[in-house]
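With compact mmCIF, C-alpha atoms inside, this is upload-v5.txt:
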```txt
# COMPACT_ATOMS: atom_id res chain seq x y z
CA MET A 1 236.76 69.84 43.34
CA GLU A 2 235.45 66.59 44.70
CA LEU A 3 234.13 68.44 47.75
CA ILE A 4 232.20 70.83 45.52
CA ASP A 5 230.74 67.93 43.54
CA ARG A 6 229.58 66.27 46.73
CA TYR A 7 228.11 69.51 48.06
CA ILE A 8 226.29 70.33 44.82
CA TYR A 9 225.00 66.77 44.54
CA ALA A 10 223.62 66.93 48.10
CA ILE A 11 221.83 70.20 47.29
CA GLY A 12 220.47 68.72 44.06
CA GLN A 13 218.95 65.80 45.95
CA ALA A 14 216.95 68.20 48.08
CA LEU A 15 215.67 70.25 45.11
CA PRO A 16 212.63 69.48 42.97
CA GLU A 17 213.70 67.71 39.79
CA SER A 18 212.29 70.42 37.54
CA ARG A 19 214.67 73.05 38.94
CA ARG A 20 217.60 70.87 39.98
CA ASP A 21 219.93 71.32 36.98
CA GLU A 22 219.35 75.03 36.62
CA ILE A 23 219.97 75.88 40.29
CA THR A 24 222.95 73.55 40.86
CA ARG A 25 224.62 74.76 37.66
CA GLU A 26 224.36 78.33 38.84
CA LEU A 27 225.45 77.54 42.40
CA ARG A 28 228.54 75.76 41.09
CA ALA A 29 229.44 78.81 39.00
CA ASN A 30 229.02 81.07 42.05
CA ILE A 31 231.21 78.81 44.22
CA LEU A 32 233.93 78.66 41.57
CA ASP A 33 233.83 82.46 41.30
CA LYS A 34 234.34 82.80 45.00
CA LEU A 35 237.22 80.32 45.01
CA GLU A 36 238.78 82.19 42.12
CA ALA A 37 238.62 85.41 44.14
CA ILE A 38 240.39 83.68 47.06
CA SER A 39 242.95 82.30 44.65
CA GLU A 40 243.68 85.78 43.25
CA GLU A 41 243.97 87.24 46.72
CA GLN A 42 246.36 84.57 47.99
CA GLY A 43 248.30 84.02 44.77
CA ARG A 44 247.80 80.24 44.96
CA LYS A 45 245.12 77.61 44.53
CA PRO A 46 242.75 77.39 47.50
CA SER A 47 243.45 74.54 49.86
CA GLU A 48 240.95 71.78 50.66
CA ALA A 49 240.27 73.45 54.02
CA GLU A 50 239.52 76.78 52.33
CA VAL A 51 237.11 75.10 49.90
CA ALA A 52 235.40 73.44 52.85
CA ALA A 53 235.17 76.81 54.62
CA VAL A 54 233.51 78.41 51.57
CA LEU A 55 230.96 75.59 51.40
CA LYS A 56 230.39 75.75 55.14
CA ALA A 57 229.74 79.50 54.86
CA LEU A 58 227.13 78.85 52.17
CA GLY A 59 225.24 76.61 54.56
CA HIS A 60 223.92 73.08 54.96
CA PRO A 61 222.80 71.61 51.60
CA GLN A 62 219.21 71.16 52.83
CA LYS A 63 219.07 74.74 54.02
CA VAL A 64 220.46 76.08 50.75
CA ALA A 65 218.01 73.98 48.73
CA GLY A 66 215.17 75.13 50.98
CA SER A 67 216.02 78.77 50.39
CA PHE A 68 215.42 78.29 46.66
CA SER A 69 212.01 76.74 47.02
CA THR A 70 208.87 78.81 47.28
CA THR A 71 207.72 79.33 50.84
CA GLN A 72 205.21 76.73 51.95
CA GLN A 73 203.44 76.55 55.26
CA LEU A 74 201.59 73.61 56.66
CA VAL A 75 198.91 76.02 57.83
CA SER A 76 198.99 79.75 57.02
CA ALA A 77 198.99 82.19 59.93
CA GLU A 78 195.65 83.55 58.65
CA LEU A 79 193.94 80.16 58.78
CA PHE A 80 195.60 79.02 62.01
CA PRO A 81 192.80 80.11 64.40
CA VAL A 82 190.24 78.22 62.26
CA TYR A 83 192.62 75.23 62.10
CA LYS A 84 192.84 75.12 65.89
CA LYS A 85 189.04 75.25 66.13
CA ALA A 86 188.72 72.48 63.53
CA LEU A 87 191.07 70.28 65.57
CA HIS A 88 189.05 71.07 68.69
CA TYR A 89 185.80 69.98 67.01
CA GLY A 90 187.55 67.06 65.37
CA LEU A 91 188.53 65.84 68.82
CA ILE A 92 184.91 66.11 69.99
CA LEU A 93 183.86 64.08 66.92
CA VAL A 94 186.47 61.41 67.70
CA PHE A 95 185.34 61.23 71.31
CA ILE A 96 181.66 60.86 70.37
CA LEU A 97 182.42 58.17 67.77
CA ALA A 98 184.49 56.19 70.27
CA LEU A 99 181.84 56.69 72.96
CA ILE A 100 179.00 55.36 70.77
CA GLN A 101 181.13 52.37 69.75
CA PHE A 102 181.96 51.80 73.40
CA GLY A 103 178.25 51.93 74.30
CA VAL A 104 177.29 49.51 71.53
CA HIS A 105 180.03 47.12 72.61
CA LEU A 106 178.88 47.34 76.23
CA LEU A 107 175.24 46.64 75.29
CA ASN A 108 176.19 43.70 73.10
CA SER A 109 178.78 41.99 75.26
CA GLY A 110 178.40 43.45 78.72
CA ASN A 111 182.17 44.07 78.81
CA LEU A 112 183.70 47.37 79.88
CA ALA A 113 186.44 47.51 77.25
CA ILE A 114 188.22 50.64 78.52
CA SER A 115 191.53 49.87 76.78
CA ASN A 116 189.68 49.39 73.49
CA PHE A 117 187.93 52.72 74.03
CA LEU A 118 191.26 54.49 74.61
CA TYR A 119 192.81 52.75 71.58
CA GLU A 120 189.88 53.91 69.40
CA ILE A 121 190.33 57.50 70.62
CA VAL A 122 194.08 57.49 69.85
CA GLN A 123 193.64 55.82 66.45
CA LYS A 124 190.74 57.98 65.31
CA GLY A 125 192.45 61.06 66.82
CA LEU A 126 195.54 60.52 64.67
CA ILE A 127 193.47 60.01 61.52
CA MET A 128 191.47 63.14 62.31
CA PHE A 129 194.66 65.16 62.95
CA ALA A 130 196.18 64.04 59.64
CA SER A 131 192.97 64.72 57.68
CA VAL A 132 192.36 68.18 59.16
CA THR A 133 196.02 69.16 58.71
CA GLY A 134 196.00 67.86 55.13
CA ALA A 135 192.87 69.86 54.30
CA PHE A 136 194.35 73.04 55.79
CA TYR A 137 197.64 72.43 53.98
CA LEU A 138 195.72 72.42 50.68
CA LEU A 139 193.85 75.57 51.67
CA SER A 140 197.09 77.29 52.80
CA ASN A 141 199.02 76.36 49.62
CA PRO A 142 196.51 76.73 46.79
CA VAL A 143 197.56 75.62 43.32
CA GLY A 144 198.53 78.73 41.34
CA GLY A 145 198.92 80.76 44.53
CA LYS A 146 195.40 82.22 44.46
CA PRO A 147 193.41 81.36 47.62
CA TYR A 148 190.28 79.24 47.04
CA PHE A 149 188.24 81.39 49.38
CA ASP A 150 188.64 84.09 51.97
CA PRO A 151 186.98 82.96 55.21
CA TYR A 152 187.06 86.48 56.64
CA LYS A 153 185.38 88.27 53.73
CA CYS A 154 181.75 88.67 54.81
CA TRP A 155 181.77 91.14 57.64
CA GLU A 156 180.82 94.74 58.36
CA PRO A 157 182.23 96.78 61.23
CA GLU A 158 178.66 97.97 61.96
CA LYS A 159 177.56 94.38 62.63
CA LEU A 160 180.14 93.81 65.38
CA PRO A 161 178.32 93.67 68.72
CA PRO A 162 178.52 96.68 71.03
CA VAL A 163 180.80 96.25 74.04
CA THR A 164 177.83 96.61 76.39
CA ARG A 165 175.86 93.74 74.80
CA GLY A 166 177.86 90.76 76.01
CA TRP A 167 175.22 88.18 75.10
CA GLN A 168 175.61 89.01 71.41
CA ARG A 169 178.99 87.26 71.38
CA ILE A 170 178.81 83.52 70.79
CA SER A 171 180.94 81.87 73.45
CA ALA A 172 183.29 79.01 72.64
CA CYS A 173 181.50 76.90 75.27
CA GLU A 174 178.07 77.51 73.72
CA GLN A 175 179.50 76.59 70.31
CA SER A 176 181.11 73.40 71.58
CA VAL A 177 177.91 72.25 73.32
CA ASN A 178 175.82 72.83 70.17
CA PHE A 179 178.36 71.12 67.96
CA THR A 180 178.67 68.14 70.28
CA ALA A 181 174.90 67.69 70.56
CA ASP A 182 174.37 67.96 66.79
CA LEU A 183 177.17 65.56 66.01
CA PHE A 184 176.10 63.05 68.63
CA ALA A 185 172.53 63.02 67.30
CA LEU A 186 173.65 62.80 63.66
CA LEU A 187 176.02 59.89 64.30
CA LEU A 188 173.53 58.06 66.49
CA LEU A 189 170.72 58.39 63.95
CA ASN A 190 172.96 57.24 61.09
CA TYR A 191 174.92 54.56 62.93
CA ALA A 192 174.39 52.17 60.02
CA LEU A 193 176.50 54.41 57.76
CA TRP A 194 179.70 54.48 59.78
CA MET A 195 179.68 51.50 62.14
CA PRO A 196 181.82 48.49 61.15
CA SER A 197 179.68 45.67 59.71
CA SER A 198 180.90 43.26 62.41
CA GLN A 199 179.46 45.55 65.11
CA LEU A 200 176.26 46.13 63.12
CA ALA A 201 175.66 42.39 62.85
CA GLY A 202 175.95 42.06 66.62
CA LEU A 203 173.41 44.80 67.44
CA THR A 204 170.48 43.74 69.57
CA ILE A 205 168.56 47.03 69.45
CA ALA A 206 167.45 49.02 66.38
CA PHE A 207 165.19 51.92 65.46
CA ALA A 208 161.56 50.91 64.82
CA GLU A 209 160.19 51.18 61.27
CA PRO A 210 158.14 54.44 61.78
CA MET A 211 161.24 56.05 63.32
CA LEU A 212 163.40 55.14 60.30
CA GLN A 213 161.27 57.42 58.13
CA TRP A 214 162.18 60.37 60.33
CA ILE A 215 165.94 59.81 60.15
CA PRO A 216 166.53 61.63 56.79
CA ILE A 217 164.44 64.62 57.93
CA LEU A 218 166.16 64.89 61.32
CA SER A 219 169.58 64.37 59.68
CA ALA A 220 168.92 67.16 57.15
CA ILE A 221 168.02 69.60 59.95
CA ILE A 222 171.15 68.63 61.90
CA VAL A 223 173.39 69.04 58.82
CA VAL A 224 171.98 72.55 58.28
CA SER A 225 172.65 73.27 61.95
CA LEU A 226 176.23 71.95 61.65
CA ILE A 227 176.96 74.05 58.54
CA PHE A 228 175.50 77.06 60.32
CA GLY A 229 177.79 76.15 63.26
CA LEU A 230 180.81 76.41 60.95
CA TRP A 231 179.71 79.89 59.93
CA LYS A 232 179.42 80.88 63.60
CA LEU A 233 182.93 79.53 64.11
CA ILE A 234 184.32 82.42 62.05
CA TYR A 235 181.69 85.09 62.70
CA ARG A 236 181.30 84.67 66.41
CA TYR A 237 178.50 87.10 67.17
CA TRP A 238 174.75 87.13 66.71
CA THR A 239 173.07 89.30 64.12
CA THR A 240 169.33 89.60 63.43
CA ALA A 241 169.69 87.27 60.42
CA THR A 242 171.67 84.60 62.28
CA LEU A 243 169.30 84.70 65.26
CA VAL A 244 166.27 84.26 62.98
CA LEU A 245 168.02 81.33 61.24
CA GLU A 246 168.87 79.81 64.63
CA ALA A 247 165.21 80.19 65.65
CA LEU A 248 164.05 78.51 62.42
CA ILE A 249 166.44 75.58 62.98
CA ASN A 250 165.20 75.25 66.57
CA ILE A 251 161.53 75.36 65.48
CA ALA A 252 162.11 72.75 62.75
CA THR A 253 163.94 70.49 65.24
CA ALA A 254 161.21 71.02 67.86
CA ILE A 255 158.38 70.13 65.45
CA ALA A 256 160.25 67.02 64.31
CA LEU A 257 160.97 65.94 67.90
CA LEU A 258 157.38 66.52 69.06
CA LEU A 259 156.10 64.36 66.21
CA VAL A 260 158.76 61.70 66.82
CA SER A 261 157.86 61.64 70.54
CA ARG A 262 154.40 60.31 69.52
CA ILE A 263 155.96 57.25 67.86
CA HIS A 264 155.83 54.19 70.07
CA PRO A 265 158.15 52.33 70.22
CA VAL A 266 161.16 54.33 68.95
CA VAL A 267 163.59 51.43 69.43
CA VAL A 268 162.88 47.70 69.26
CA ASP A 269 164.65 44.53 70.37
CA ILE A 270 166.01 42.64 67.35
CA SER A 271 167.88 39.94 69.26
CA SER A 272 166.81 36.33 68.82
CA THR A 273 166.34 35.94 72.57
CA GLN A 274 164.29 39.16 72.95
CA GLU A 275 166.21 39.74 76.19
CA HIS A 276 165.80 43.55 76.20
CA THR A 277 162.02 43.62 75.65
CA GLU A 278 161.09 44.54 79.22
CA ALA A 279 163.85 47.11 79.60
CA LEU A 280 162.95 48.65 76.24
CA LYS A 281 159.36 49.23 77.30
CA ILE A 282 160.59 51.58 80.01
CA GLY A 283 163.30 52.89 77.67
CA ASN A 284 160.77 53.84 74.99
CA ASP A 285 158.60 55.64 77.52
CA VAL A 286 161.62 57.61 78.74
CA ILE A 287 162.69 58.41 75.16
CA GLY A 288 159.16 59.58 74.25
CA ILE A 289 158.89 61.86 77.29
CA GLY A 290 162.46 63.08 76.79
CA LEU A 291 161.91 63.98 73.13
CA PHE A 292 158.67 65.77 73.96
CA TRP A 293 160.29 68.00 76.58
CA VAL A 294 163.36 68.68 74.46
CA GLY A 295 160.93 69.79 71.72
CA ILE A 296 159.13 72.12 74.14
CA TRP A 297 162.47 73.48 75.37
CA LEU A 298 163.58 74.17 71.78
CA ILE A 299 160.38 76.12 71.11
CA PHE A 300 161.14 78.24 74.16
CA ILE A 301 164.73 78.77 72.91
CA ALA A 302 163.44 79.69 69.44
CA GLY A 303 161.17 82.30 71.06
CA TRP A 304 164.14 83.61 73.01
CA ASN A 305 166.20 83.79 69.77
CA LEU A 306 163.46 85.84 68.11
CA TYR A 307 163.24 88.16 71.12
CA ARG A 308 167.01 88.74 70.92
CA ALA A 309 166.73 89.34 67.16
CA TRP A 310 164.07 91.95 67.85
CA GLN A 311 166.35 93.56 70.47
CA ILE A 312 169.20 93.89 67.95
CA SER A 313 166.98 95.25 65.20
CA LYS A 314 165.51 97.92 67.50
CA MET B 315 217.69 89.02 74.44
CA ALA B 316 217.95 92.68 73.37
CA GLU B 317 220.72 91.79 70.93
CA GLU B 318 218.67 88.95 69.44
CA GLN B 319 215.72 91.29 69.12
CA LEU B 320 217.89 93.91 67.44
CA GLU B 321 219.23 91.33 64.99
CA LYS B 322 215.71 90.17 64.13
CA LEU B 323 214.45 93.70 63.57
CA LYS B 324 217.52 94.59 61.52
CA GLN B 325 216.87 91.61 59.25
CA GLU B 326 213.23 92.63 58.90
CA LEU B 327 214.26 96.17 58.02
CA ARG B 328 216.80 95.00 55.44
CA ARG B 329 214.52 92.45 53.75
CA GLY B 330 212.50 94.93 51.72
CA ILE B 331 215.42 97.21 50.98
CA LEU B 332 217.50 94.34 49.59
CA VAL B 333 215.08 93.91 46.69
CA LEU B 334 215.52 97.58 45.83
CA ALA B 335 219.31 97.35 46.07
CA VAL B 336 219.48 94.21 43.91
CA LEU B 337 217.15 95.63 41.26
CA GLY B 338 219.12 98.88 41.28
CA SER B 339 222.43 97.03 40.82
CA LEU B 340 221.10 94.97 37.95
CA ARG B 341 220.56 97.94 35.68
CA THR B 342 223.88 96.66 34.34
CA PRO B 343 224.37 92.89 33.83
CA HIS B 344 225.92 90.92 36.68
CA TYR B 345 226.51 87.30 37.58
CA GLY B 346 225.95 86.10 41.15
CA TYR B 347 229.38 86.71 42.59
CA SER B 348 229.95 90.03 40.82
CA LEU B 349 226.59 91.28 42.05
CA ARG B 350 227.52 90.40 45.61
CA LYS B 351 230.86 92.14 45.21
CA GLN B 352 229.23 95.27 43.85
CA LEU B 353 226.77 95.43 46.73
CA GLN B 354 229.60 94.78 49.18
CA ASP B 355 231.70 97.57 47.67
CA ALA B 356 228.70 99.88 48.06
CA GLY B 357 228.59 98.98 51.78
CA LEU B 358 225.79 96.42 51.66
CA ASP B 359 227.12 93.05 52.76
CA ILE B 360 224.52 90.43 51.87
CA ASP B 361 224.89 86.82 52.85
CA GLU B 362 225.15 84.55 49.76
CA GLY B 363 222.44 82.30 51.16
CA THR B 364 220.09 85.27 50.99
CA LEU B 365 221.26 86.93 47.80
CA TYR B 366 221.27 84.03 45.32
CA PRO B 367 217.77 82.74 46.13
CA LEU B 368 216.49 86.34 46.07
CA VAL B 369 217.91 86.88 42.56
CA ARG B 370 216.28 83.62 41.40
CA ARG B 371 212.94 84.67 42.87
CA LEU B 372 213.07 88.04 41.12
CA ALA B 373 213.94 86.27 37.85
CA ASP B 374 211.05 83.83 38.34
CA GLN B 375 208.74 86.82 38.77
CA GLY B 376 209.87 88.16 35.39
CA LEU B 377 211.65 91.21 36.84
CA LEU B 378 215.07 90.02 35.60
CA THR B 379 216.24 88.41 32.40
CA SER B 380 219.12 85.94 32.50
CA GLU B 381 221.59 84.49 30.07
CA TRP B 382 224.43 81.97 30.35
CA GLN B 383 227.72 83.33 28.99
CA GLN B 384 231.16 81.77 28.63
CA GLY B 385 233.97 83.84 30.06
CA GLU B 386 237.50 83.09 31.30
CA GLY B 387 237.01 79.41 30.57
CA ARG B 388 233.89 79.15 32.67
CA GLU B 389 230.21 79.71 32.27
CA ARG B 390 228.30 82.28 34.25
CA ARG B 391 224.71 83.28 34.44
CA TYR B 392 224.26 86.99 33.87
CA TYR B 393 221.19 88.79 35.17
CA GLN B 394 219.78 92.12 34.08
CA LEU B 395 216.61 94.12 34.69
CA SER B 396 213.76 93.23 32.35
CA PRO B 397 211.52 96.03 31.01
CA GLU B 398 208.96 95.03 33.67
CA GLY B 399 211.69 95.16 36.33
CA THR B 400 212.81 98.60 35.14
CA SER B 401 209.36 100.15 35.52
CA LEU B 402 208.89 98.44 38.87
CA LEU B 403 212.25 99.74 40.06
CA GLU B 404 211.17 103.30 39.21
CA SER B 405 208.00 102.96 41.27
CA LEU B 406 209.85 101.30 44.14
CA ASN B 407 212.50 103.98 44.08
CA THR B 408 209.89 106.74 44.35
CA GLU B 409 208.22 104.88 47.20
CA TRP B 410 211.55 104.39 48.95
CA LEU B 411 212.45 108.10 48.69
CA GLN B 412 209.09 109.12 50.08
CA LEU B 413 209.27 106.60 52.90
CA ASN B 414 212.80 107.62 53.74
CA ASN B 415 211.74 111.25 53.80
CA HIS B 416 208.76 110.59 56.08
CA VAL B 417 210.65 108.34 58.46
CA THR B 418 213.54 110.82 58.68
CA LYS B 419 211.06 113.57 59.59
CA ILE B 420 209.48 111.38 62.25
CA LEU B 421 212.83 110.43 63.74
CA GLU B 422 214.08 113.99 63.72
CA ALA B 423 210.87 115.23 65.35
CA GLY B 424 211.31 112.52 68.00
CA ASN B 425 214.86 113.74 68.67
CA GLY B 426 213.65 117.32 69.01
CA THR B 427 211.17 116.53 71.79
CA ASP B 428 213.72 114.61 73.86
```
Represent the structure of the file as structure tokens.
Amino acid sequence: MELIDRYIYAIGQALPESRRDEITRELRANILDKLEAISEEQGRKPSEAEVAAVLKALGHPQKVAGSFSTTQQLVSAELFPVYKKALHYGLILVFILALIQFGVHLLNSGNLAISNFLYEIVQKGLIMFASVTGAFYLLSNPVGGKPYFDPYKCWEPEKLPPVTRGWQRISACEQSVNFTADLFALLLLNYALWMPSSQLAGLTIAFAEPMLQWIPILSAIIVVSLIFGLWKLIYRYWTTATLVLEALINIATAIALLLVSRIHPVVVDISSTQEHTEALKIGNDVIGIGLFWVGIWLIFIAGWNLYRAWQISK
Amino acid sequence: MAEEQLEKLKQELRRGILVLAVLGSLRTPHYGYSLRKQLQDAGLDIDEGTLYPLVRRLADQGLLTSEWQQGEGRERRYYQLSPEGTSLLESLNTEWLQLNNHVTKILEAGNGTD
């Protein structure tokens, strides 16, 4: 009997408290019934070894307790492809964050802190992995059992691209490049929001006043682009509507960049020694020219998007 | 490998049918061990680790009612089909008969062409 007590107690420890008494009480009754059947068959009380064999046949206490709990998955099979993508983009985010911090550190101190860079990647990577997995766990195990949303709901077979029109599929590479560029720009523009205060205090370069006014506008466009990127993560093909939206985002970004390219200077030296002044003169010229040509390029891309949209709608 | 595969597929095949067999058996009240015995006597040997949690799940879904009873100096939890379980069993039974009929036809047709 002591063996049964120990076994039932071990199962109870692995069960949620709300169901513990009910399940262990019933399991005990079932075990005693089985032992009684052995007893009747053999005409004597079951030996200790026979009791142990019955318990062994039932299975490890953890396993038995697990079989009574409702099935839970860390990430459901349905959400797994999106989970993998989220980890992929999360890793890009971690890399960009660590890279910007590395750059800032290099500018401030002149030290190539490679080990620090690697440590930041590992640390941020682990936090990202835990956060993404936690979010997908909540999505995979909704309270009440009813899913919060169905990511695969909005689609029509007619909208799937024809096999012959390869360009209509959005490639993983294209997606990653867009996501990386958006994220890099967003984090760089809003460095004051996420950078540790110790690093902020040590900065020797900052955006000039006229540029600061553009940050909310540019950030808003990038956020729209990032949200749109999430949509494209699930529906990985172009439609007329998505191409027109892509063109609008590109035009908005291009206009903003062309206007920003006229600001001079974009970045200023805020160090007490003004040691970067000369270098920044050249730097600001390069930034201005760079922004102008990126703006022109985006207008070309927007035109291309609209041409493709027209091709699909034909 | 083939044996493992066979075992996996057999388990998959049995999983759905077990619900039907358990619901069918619980038209009359049973406690855990007696239910297992009845299924065993009918030729369906179900592992206790599968049967008891399955019965609890069906009870949690409202398909079975349960009651603790004292008998032969010990308590036992008796399960029986609830009204909801009874109507569900009827629908499942019809579905099972149809499926069985269709699959038998398919398998027999397959045998004929060999």
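Proximity of B:Asn407, B:Gln412, B:Ser380, B:Thr342 to chain A, computed with all atoms listed in the file, is greatest for B:Ser380.
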Discussion item. For A:Asn116, find every residue with an atom within 12 Å (counting all atoms listed in the file), except residues of its own chain fewer than 5 positions away, and show them as a count of residues only.
Written reply: 12
Worksheet item: Excluding same-chain residues fewer than 5 positions from stretch 15-27 of chain A, what lies within 9 Å of it counting all atoms listed in the file, as a PyMOL selection string?
Response: (chain A and resi 8-9+32+62+65-66+68-69) or (chain B and resi 346+366+370+389-391)
Can you list every residue of chain B that has an atom at most 12 Å from chain A, with its nearest atom pair and the distance in Å to one decimal, using all atoms listed in the file, ordered by chain then number, as JSON lines?
```
{"residue": "B:His344", "atom": "CA", "partner": "A:Asn30", "partner_atom": "CA", "distance": 11.6}
{"residue": "B:Tyr345", "atom": "CA", "partner": "A:Asn30", "partner_atom": "CA", "distance": 8.1}
{"residue": "B:Gly346", "atom": "CA", "partner": "A:Asn30", "partner_atom": "CA", "distance": 6.0}
{"residue": "B:Tyr347", "atom": "CA", "partner": "A:Asn30", "partner_atom": "CA", "distance": 5.7}
{"residue": "B:Ser348", "atom": "CA", "partner": "A:Asp33", "partner_atom": "CA", "distance": 8.5}
{"residue": "B:Leu349", "atom": "CA", "partner": "A:Asn30", "partner_atom": "CA", "distance": 10.5}
{"residue": "B:Arg350", "atom": "CA", "partner": "A:Asn30", "partner_atom": "CA", "distance": 10.1}
{"residue": "B:Lys351", "atom": "CA", "partner": "A:Lys34", "partner_atom": "CA", "distance": 10.0}
{"residue": "B:Ile360", "atom": "CA", "partner": "A:Leu58", "partner_atom": "CA", "distance": 11.9}
{"residue": "B:Asp361", "atom": "CA", "partner": "A:Leu58", "partner_atom": "CA", "distance": 8.3}
{"residue": "B:Glu362", "atom": "CA", "partner": "A:Leu58", "partner_atom": "CA", "distance": 6.5}
{"residue": "B:Gly363", "atom": "CA", "partner": "A:Leu58", "partner_atom": "CA", "distance": 5.9}
{"residue": "B:Thr364", "atom": "CA", "partner": "A:Ser67", "partner_atom": "CA", "distance": 7.7}
{"residue": "B:Leu365", "atom": "CA", "partner": "A:Ser67", "partner_atom": "CA", "distance": 10.0}
{"residue": "B:Tyr366", "atom": "CA", "partner": "A:Leu27", "partner_atom": "CA", "distance": 8.3}
{"residue": "B:Pro367", "atom": "CA", "partner": "A:Phe68", "partner_atom": "CA", "distance": 5.1}
{"residue": "B:Leu368", "atom": "CA", "partner": "A:Phe68", "partner_atom": "CA", "distance": 8.1}
{"residue": "B:Val369", "atom": "CA", "partner": "A:Phe68", "partner_atom": "CA", "distance": 9.8}
{"residue": "B:Arg370", "atom": "CA", "partner": "A:Phe68", "partner_atom": "CA", "distance": 7.5}
{"residue": "B:Arg371", "atom": "CA", "partner": "A:Phe68", "partner_atom": "CA", "distance": 7.8}
{"residue": "B:Leu372", "atom": "CA", "partner": "A:Phe68", "partner_atom": "CA", "distance": 11.5}
{"residue": "B:Ala373", "atom": "CA", "partner": "A:Phe68", "partner_atom": "CA", "distance": 12.0}
{"residue": "B:Asp374", "atom": "CA", "partner": "A:Thr70", "partner_atom": "CA", "distance": 10.5}
{"residue": "B:Gln375", "atom": "CA", "partner": "A:Thr70", "partner_atom": "CA", "distance": 11.7}
{"residue": "B:Ser380", "atom": "CA", "partner": "A:Glu26", "partner_atom": "CA", "distance": 11.2}
{"residue": "B:Glu381", "atom": "CA", "partner": "A:Glu26", "partner_atom": "CA", "distance": 11.1}
{"residue": "B:Trp382", "atom": "CA", "partner": "A:Glu26", "partner_atom": "CA", "distance": 9.2}
{"residue": "B:Gln383", "atom": "CA", "partner": "A:Ala29", "partner_atom": "CA", "distance": 11.1}
{"residue": "B:Gln384", "atom": "CA", "partner": "A:Ala29", "partner_atom": "CA", "distance": 10.9}
{"residue": "B:Gly385", "atom": "CA", "partner": "A:Ala29", "partner_atom": "CA", "distance": 11.2}
{"residue": "B:Glu386", "atom": "CA", "partner": "A:Asp33", "partner_atom": "CA", "distance": 10.7}
{"residue": "B:Gly387", "atom": "CA", "partner": "A:Ala29", "partner_atom": "CA", "distance": 11.3}
{"residue": "B:Arg388", "atom": "CA", "partner": "A:Ala29", "partner_atom": "CA", "distance": 7.7}
{"residue": "B:Glu389", "atom": "CA", "partner": "A:Ala29", "partner_atom": "CA", "distance": 6.8}
{"residue": "B:Arg390", "atom": "CA", "partner": "A:Ala29", "partner_atom": "CA", "distance": 6.0}
{"residue": "B:Arg391", "atom": "CA", "partner": "A:Glu26", "partner_atom": "CA", "distance": 6.6}
{"residue": "B:Tyr392", "atom": "CA", "partner": "A:Glu26", "partner_atom": "CA", "distance": 10.0}
{"residue": "B:Tyr393", "atom": "CA", "partner": "A:Glu26", "partner_atom": "CA", "distance": 11.5}
```
Worksheet entry | Selected residue, from A:Asn141, A:Thr204, A:Thr277, A:Thr253, that lies nearest to A:Leu298 when counting all atoms listed in the file | A:Thr253
Practice prompt. Considering all atoms listed in the file, return as a PyMOL selection string whatever protein or nucleic-acid residues lie within 12 Å of stretch 142-151 of chain A, sequence-local ones (same chain, fewer than 2 positions apart) excluded.
Written response: chain A and resi 70-76+78-83+135-140+153-155+230-235
Item to complete: Compile the contact shell of stretch 398-403 of chain B as a ChimeraX atom specification: residues with an atom at most 10 Å away, counting only C-alpha atoms, same-chain residues fewer than 2 positions apart removed.
Response: /B:333-338,340-341,372-373,375-379,394-396,405-409
For the residues in the current selection, export C-alpha atoms as a PDB file, in the frame of the given file.
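File result-v1.pdb, as written:
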```
ATOM      1  CA  VAL B 333     215.080  93.910  46.690  1.00  0.00           C
ATOM      2  CA  LEU B 334     215.520  97.580  45.830  1.00  0.00           C
ATOM      3  CA  ALA B 335     219.310  97.350  46.070  1.00  0.00           C
ATOM      4  CA  VAL B 336     219.480  94.210  43.910  1.00  0.00           C
ATOM      5  CA  LEU B 337     217.150  95.630  41.260  1.00  0.00           C
ATOM      6  CA  GLY B 338     219.120  98.880  41.280  1.00  0.00           C
ATOM      7  CA  LEU B 340     221.100  94.970  37.950  1.00  0.00           C
ATOM      8  CA  ARG B 341     220.560  97.940  35.680  1.00  0.00           C
ATOM      9  CA  LEU B 372     213.070  88.040  41.120  1.00  0.00           C
ATOM     10  CA  ALA B 373     213.940  86.270  37.850  1.00  0.00           C
ATOM     11  CA  GLN B 375     208.740  86.820  38.770  1.00  0.00           C
ATOM     12  CA  GLY B 376     209.870  88.160  35.390  1.00  0.00           C
ATOM     13  CA  LEU B 377     211.650  91.210  36.840  1.00  0.00           C
ATOM     14  CA  LEU B 378     215.070  90.020  35.600  1.00  0.00           C
ATOM     15  CA  THR B 379     216.240  88.410  32.400  1.00  0.00           C
ATOM     16  CA  GLN B 394     219.780  92.120  34.080  1.00  0.00           C
ATOM     17  CA  LEU B 395     216.610  94.120  34.690  1.00  0.00           C
ATOM     18  CA  SER B 396     213.760  93.230  32.350  1.00  0.00           C
ATOM     19  CA  SER B 405     208.000 102.960  41.270  1.00  0.00           C
ATOM     20  CA  LEU B 406     209.850 101.300  44.140  1.00  0.00           C
ATOM     21  CA  ASN B 407     212.500 103.980  44.080  1.00  0.00           C
ATOM     22  CA  THR B 408     209.890 106.740  44.350  1.00  0.00           C
ATOM     23  CA  GLU B 409     208.220 104.880  47.200  1.00  0.00           C
TER      24      GLU B 409
END
```
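When atom CA of A:Arg165 is paired with atom CA of A:Phe300, their separation reads 21.4 Å.
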Response to the item:
Here atom CA of A:Phe95 and atom CA of A:Gly283 stand apart by 24.4 Å
Item to complete: Calculate how many Å separate atom CA of A:Leu245 from atom CA of A:Ser261, rounding to one decimal.
Response: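 A separation of 24.0 Å between them.
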Specify the axis-aligned box that encloses all atoms of stretch 381-399 of chain B listed in the file after padding of 5 Å on each side, stating its centre and edge lengths in Å to one decimal as AutoDock Vina command-line options.
```
--center_x 223.2 --center_y 87.6 --center_z 32.5 --size_x 38.5 --size_y 26.9 --size_z 17.7
```
